[in-house]
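*Asks:* Here's a structure for you.
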Amino acid sequence: MSGHWLYSWIDEFEIKSGEQARHLLSLPGPAERLYEIAQSAPGWHEGDAPKGKSIVAGSTMDFSGRMNCSHADCLERQVDRLFSRVWHYFDSVVVEGPEVEYYLRSFAEPPRKNLVGMDFTLQQDVSFLLRLRELGVTNHLTFRRKPNAFCTNHIEQHAAEAGISHLIEADFRAEVAQKLKDESEISISPAQGRTWHYSLYHPLASEPFSGFYTLPKKKKGAKKPTKAQIAQLVVRRSAAALIYDVAASKWLSLPLAEEFSYLHARQQLAKTARESGIALQLPLPVMQGMPSRDILKMRADMRPHFDRFQHALTLAIREQIDRDPEREDPDIAKSVTEEFIRPAFAEIERSLSQAKKSFSAKVGASMVVGSTVASVGLLSSVPLVVGAGLAAVGVTLGGLHKHVDDRKEVTSSDIYFLWKATKGRLG
């Protein structure tokens, strides 16, 4: 079950493409039904419970398009980027997806003039949601709305509780805005009327910040906004989005995967949620560029190995927390890597090296290099050649059985899943 409200409309009208959705919006019946479903979408305190070990995706990765491009192609790239960060430990990710508030605002403007502009957005949103199903990732997603309209008092309250009160301080925002302006490439182009489209490219951001800047009505003309104004807007939007993200993660008692590194968010989490937060910070090898479909296929094909690794990693993190609960989470993550993952990696490599030498010694004297058994590879299935074929290469059944035993010993390692993934091998 997907959990996103827009899937209900997609399934009810058996929609197969974004273009079909765009056409249906022009018809009174389907358009009215879309509005009804949007009105009944669960609030941010409601919705499906996260599945297994879960994490909340921040606003630059939650498919809402709140902080960056909402085009289907750009959102699809975010899917791979998100799963490349969480594949090693988490079973599901809490995401928002296309924002219901946009549709409610569009329908609420009499006489619904905004439907003409909404048709393109709907086309992109439907195309993206259909693509998620095609990729097979919806079972690993929990769609939940996030808060987006706190009053001033609640903004201050949530910021204070999360230890990020500095986000609402004018001096801090001004400092960050100046830094963004100096370090970023900012492009500004006219959109419509008093509105301008902007993109801010920062070298540390995986995606550009983009959106629209509308000039205040009190100012005459359509003067182009300055780069300083764009940087200030991005900071305001980023700070608000981060506060909403933190509020959602706090409500769900889950860690937050966020990319606002320049805003310095920190969370106080319950112990189980803290374990997941530390797992997110582990400096593990990440399969950069590997599509989410392949990542999930690898996990499915190697499910027993993944479960063993996930459990062992949890115990290793828990042991480090119990050792010194006051230590900073990044330090704990570093210790887990140095005391658990790296030694286990070294042991696998050592076992493979010894087994390979032993097997080669038994076979090498009776075989031509590169032929039959020796060419198969240590972790591949060795053909059990019997009778005359076995005798011809001079390999005993005992030697083959020893090879199989060596393979079983390696695959029983708690981090075999991670080692296999790092090598980029599926199956």
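Identifiers in the structure tokens: chain A, B, ... in order shown; residue index from 1 per chain; ligand index from 1 in order shown.
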Give the alpha helix (DSSP H) residues of stretch 51-222 of chain A, as DSSP finds them on the backbone, and put them as a PyMOL selection string.
*Replies:* chain A and resi 72-86+100-108+115-135+152-161+170-183
*Asks:* Those residues you just picked out, can you put them in a file as a short mmCIF file (atom, residue, chain, number, x, y, z; two decimals), in the first residue's frame with C-alpha atoms?
*Replies:*
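What follows is the written file result_18.cif:
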data_model
loop_
_atom_site.label_atom_id
_atom_site.label_comp_id
_atom_site.auth_asym_id
_atom_site.auth_seq_id
_atom_site.Cartn_x
_atom_site.Cartn_y
_atom_site.Cartn_z
CA ALA A 72 9.09 14.11 -12.59
CA ASP A 73 12.59 13.57 -14.02
CA CYS A 74 14.25 15.55 -11.22
CA LEU A 75 12.20 13.79 -8.55
CA GLU A 76 13.20 10.42 -9.97
CA ARG A 77 16.86 11.34 -9.53
CA GLN A 78 16.06 12.13 -5.91
CA VAL A 79 14.81 8.55 -5.46
CA ASP A 80 18.22 7.11 -6.33
CA ARG A 81 19.98 9.73 -4.23
CA LEU A 82 17.78 8.99 -1.21
CA PHE A 83 18.14 5.22 -1.37
CA SER A 84 21.89 5.48 -1.88
CA ARG A 85 22.02 7.11 1.58
CA VAL A 86 19.76 4.71 3.50
CA VAL A 100 -1.80 18.38 -1.03
CA GLU A 101 -1.76 22.04 0.05
CA TYR A 102 -0.94 23.14 -3.50
CA TYR A 103 -4.03 21.39 -4.87
CA LEU A 104 -6.29 22.71 -2.12
CA ARG A 105 -5.10 26.28 -2.76
CA SER A 106 -5.62 25.91 -6.50
CA PHE A 107 -9.14 24.55 -6.15
CA ALA A 108 -10.05 27.19 -3.55
CA LEU A 115 -6.74 24.70 -12.85
CA VAL A 116 -5.04 25.70 -16.09
CA GLY A 117 -1.73 26.04 -14.28
CA MET A 118 -2.39 23.00 -12.13
CA ASP A 119 -2.71 20.62 -15.07
CA PHE A 120 1.06 20.61 -15.70
CA THR A 121 1.81 20.04 -12.01
CA LEU A 122 -0.70 17.18 -11.89
CA GLN A 123 0.85 15.63 -14.99
CA GLN A 124 4.29 15.67 -13.38
CA ASP A 125 3.06 14.40 -10.01
CA VAL A 126 1.13 11.49 -11.51
CA SER A 127 3.99 10.58 -13.83
CA PHE A 128 6.35 10.46 -10.85
CA LEU A 129 4.02 8.40 -8.62
CA LEU A 130 3.45 5.90 -11.43
CA ARG A 131 7.20 5.69 -11.89
CA LEU A 132 7.65 4.90 -8.18
CA ARG A 133 5.36 1.90 -8.59
CA GLU A 134 7.21 0.81 -11.70
CA LEU A 135 10.52 0.99 -9.82
CA THR A 152 5.05 32.25 15.20
CA ASN A 153 4.67 30.79 18.69
CA HIS A 154 4.77 27.20 17.46
CA ILE A 155 7.70 27.91 15.15
CA GLU A 156 9.65 29.22 18.14
CA GLN A 157 8.49 26.34 20.34
CA HIS A 158 9.54 23.59 17.91
CA ALA A 159 12.81 25.33 17.15
CA ALA A 160 13.61 25.63 20.87
CA GLU A 161 12.67 22.02 21.64
CA ALA A 170 17.85 37.56 12.23
CA ASP A 171 21.62 37.84 12.69
CA PHE A 172 22.18 34.14 12.01
CA ARG A 173 20.01 34.20 8.89
CA ALA A 174 21.79 37.28 7.59
CA GLU A 175 25.17 35.62 8.11
CA VAL A 176 24.12 32.43 6.32
CA ALA A 177 22.48 34.36 3.49
CA GLN A 178 25.68 36.32 2.89
CA LYS A 179 27.68 33.08 2.86
CA LEU A 180 25.26 31.45 0.39
CA LYS A 181 25.39 34.47 -1.90
CA ASP A 182 29.20 34.47 -1.90
CA GLU A 183 29.58 30.73 -2.44
#
*Asks:* I'd like the contact shell of stretch 97-99 of chain A - 7 Å cut-off, only C-alpha atoms, skipping same-chain residues fewer than 6 positions apart - returned as a PyMOL selection string.
*Replies:* chain A and resi 62-64+125+143
*Asks:* Taking only C-alpha atoms into account, name the residue in A:Ala300, A:Ala333, A:Ile295, A:Leu256 that is nearest to A:Leu282.
*Replies:*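 With only C-alpha atoms as the atom set, the closest residue is A:Ala333.
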*Asks:* List the spatial neighbours of A:Met67 as a list in words - criterion: any atom at most 8 Å away, only C-alpha atoms, same-chain residues fewer than 4 positions off excluded.
*Replies:*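 Answer for this query is Ser59, Thr60, Phe209, Ser210, Gly211, Arg237 and Ser238 of chain A.
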*Asks:* Using only C-alpha atoms, which residue out of A:Ala240, A:Ala38, A:Val137, A:Leu27 lies closest to A:Pro291?
*Replies:*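 So, comparing all the options, the nearest one is A:Val137.
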